[in-house]
Every structure is written in structure tokens, then in C-alpha cells.
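Here the structure comes first, spelled out in C-alpha cells, and everything after it is commentary.
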Amino acid sequence: QVQLVESGGGLVQAGASLRLSCATSGRTFSRSAMGWFRQAPGKEREFVAAISWFGSRTDYTDSVKGRFTISRDNAKNTVYLQMNSLKPEDTAVYYCAARSTYASSTYYSTEEEYDDWGQGTQVTVSS
């Protein structure tokens, strides 16, 4: 099992940027595919971005392509989500998730594929 702690959320105006971080401990981070999900008020949790454990492959939901970038630093056991050009519709609680895998180039884009979750960090974008 891996423990995940998100940080970096906050209240910003539309057009601003934020960088979320997810620090991990426990299971070997470098063999964990990682993902970011979000849940807006009254909506189901949705996929945002994913990265393979080697960092060579990434995936994004269409609404954030070109604005968000997922990355990881295996030496720091941390995954990041750089969010640029934020919009009010990006307002949500953002969750980090981890999945142990031996497939270095595989990412996962559904909740069911992840084993461990953080507690979430709130991102609020005002118009």
C-alpha cells in the first residue's frame, strides 16, 4: 500500500495557474503508475490525467489537454499536476491515485484501475 498526500490547491482567478503535488510513501513509487482525478460539487469523480511509472507516457481528459501537464519525480516520490489557464469549470477536489504495476509504459485512466487514493485538495477558480 502507498500513502498519498496532495497539496497545492487554493482559490485563484480564471486564467491563473496552480501546481498540485502528490507526495507518496510506502510502496515503491517508481513502480506505481499515477493519476489525477477530480470531483466537482454534485458530480461524479472524473479522470483528469495519468502517467506511467517510467514517465514516458501520459494521458489527459479532453477538457484539460493543452492546459494541464502531469509529471513525476521518482527521486522525490512525487507526482505533479501543472494547471494553466484555469477555468471556473476546473473547480473541484483533486485526488491523486496510485497503481502498482510492472508495466513501465502503461497508464491507467479509470478509477477502478487504481489501488490507493489521497484525501484530495480543493481547487476553486473564480470568474
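By convention in this document, the chains of the C-alpha cells carry letters A, B, ... by their order, each chain's residues are numbered from 1, and ligands are numbered from 1 in the order they are shown.
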List as an MDAnalysis selection string the protein and nucleic acid residues near Val64 (chain A), meaning an atom at most 9 Å away when only C-alpha atoms are counted, but skip any in the same chain fewer than 2 places from it. chainID A and resid 48:49 60:62 66:69 83 90
Please produce a file of the residues just selected, as a PDB file, in the first residue's frame, where the atoms kept are C-alpha atoms.
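Result file follows (part25.pdb):
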ATOM      1  CA  VAL A  48      -8.005  14.196 -15.325  1.00  0.00           C
ATOM      2  CA  ALA A  49      -4.539  12.876 -16.157  1.00  0.00           C
ATOM      3  CA  TYR A  60      -5.394  13.530 -20.364  1.00  0.00           C
ATOM      4  CA  THR A  61      -9.097  14.072 -20.481  1.00  0.00           C
ATOM      5  CA  ASP A  62     -10.042  16.220 -23.443  1.00  0.00           C
ATOM      6  CA  GLY A  66      -3.090  21.760 -23.715  1.00  0.00           C
ATOM      7  CA  ARG A  67      -3.645  23.360 -20.295  1.00  0.00           C
ATOM      8  CA  PHE A  68      -2.621  20.707 -17.747  1.00  0.00           C
ATOM      9  CA  THR A  69       0.617  18.737 -17.562  1.00  0.00           C
ATOM     10  CA  MET A  83      -2.599  23.536 -14.300  1.00  0.00           C
ATOM     11  CA  ASP A  90     -11.975  23.269 -13.228  1.00  0.00           C
TER      12      ASP A  90
END
Please provide the set of residues having any atom within 12 Å of Arg99 (chain A), restricted to only C-alpha atoms, with same-chain residues fewer than 2 positions apart removed, written as a VMD selection string. chain A and resid 1 to 4 24 27 to 36 50 to 53 96 to 97 101 to 104 106 to 117
Write down as a compact mmCIF listing (two decimals) with N, CA and C atoms, in the first residue's frame the residues belonging to chain A that are assigned helix (DSSP H, G or I) by DSSP computed on the backbone.
# COMPACT_ATOMS: atom_id res chain seq x y z
N PHE A 29 7.51 3.93 -5.15
CA PHE A 29 6.83 4.89 -6.01
C PHE A 29 7.19 4.68 -7.47
N SER A 30 8.44 4.33 -7.70
CA SER A 30 8.89 4.27 -9.09
C SER A 30 8.22 3.15 -9.87
N ARG A 31 7.55 2.22 -9.18
CA ARG A 31 6.81 1.18 -9.90
C ARG A 31 5.31 1.38 -9.73
N ASP A 62 -10.03 15.22 -22.38
CA ASP A 62 -10.04 16.22 -23.44
C ASP A 62 -10.13 17.66 -22.92
N SER A 63 -10.88 17.87 -21.85
CA SER A 63 -11.13 19.23 -21.39
C SER A 63 -9.89 19.91 -20.81
N VAL A 64 -8.83 19.16 -20.52
CA VAL A 64 -7.63 19.77 -19.94
C VAL A 64 -6.43 19.69 -20.87
N PRO A 88 -13.35 28.38 -14.46
CA PRO A 88 -14.26 28.07 -13.35
C PRO A 88 -14.71 26.62 -13.34
N GLU A 89 -14.85 26.02 -14.51
CA GLU A 89 -15.29 24.62 -14.57
C GLU A 89 -14.21 23.64 -14.11
N ASP A 90 -13.02 24.12 -13.82
CA ASP A 90 -11.98 23.27 -13.23
C ASP A 90 -12.12 23.17 -11.71
N GLU A 111 -11.04 4.98 -12.53
CA GLU A 111 -10.92 4.85 -11.08
C GLU A 111 -10.66 3.42 -10.65
N GLU A 112 -11.35 2.51 -11.30
CA GLU A 112 -11.30 1.11 -10.87
C GLU A 112 -9.91 0.49 -10.99
N GLU A 113 -9.07 1.11 -11.79
CA GLU A 113 -7.73 0.56 -12.02
C GLU A 113 -6.72 0.99 -10.96
For a test of reading the model, state the distance in Å between CA of Phe37 (chain A) and CA of Lys87 (chain A), rounded to one decimal.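 Between these atoms lies a distance of 16.2 Å.
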Just checking: using only C-alpha atoms, which residue out of A:Thr58, A:Gly8, A:Thr91, A:Lys43 ends up closest to Ala23 (chain A)? A:Gly8
Extract, using only C-alpha atoms, all DNA, RNA and protein residues at most 9 Å from Gln13 (chain A), discarding same-chain residues fewer than 5 positions from it, and format them as number ranges by chain. A: 86-88, 124-127
Using DSSP assignments from the backbone, pull out every residue in region 6-113 of chain A that falls under strand (DSSP E) and give it to me as a PyMOL selection string. chain A and resi 6-7+10-13+18-26+32-39+46-51+58-60+68-73+78-83+92-100
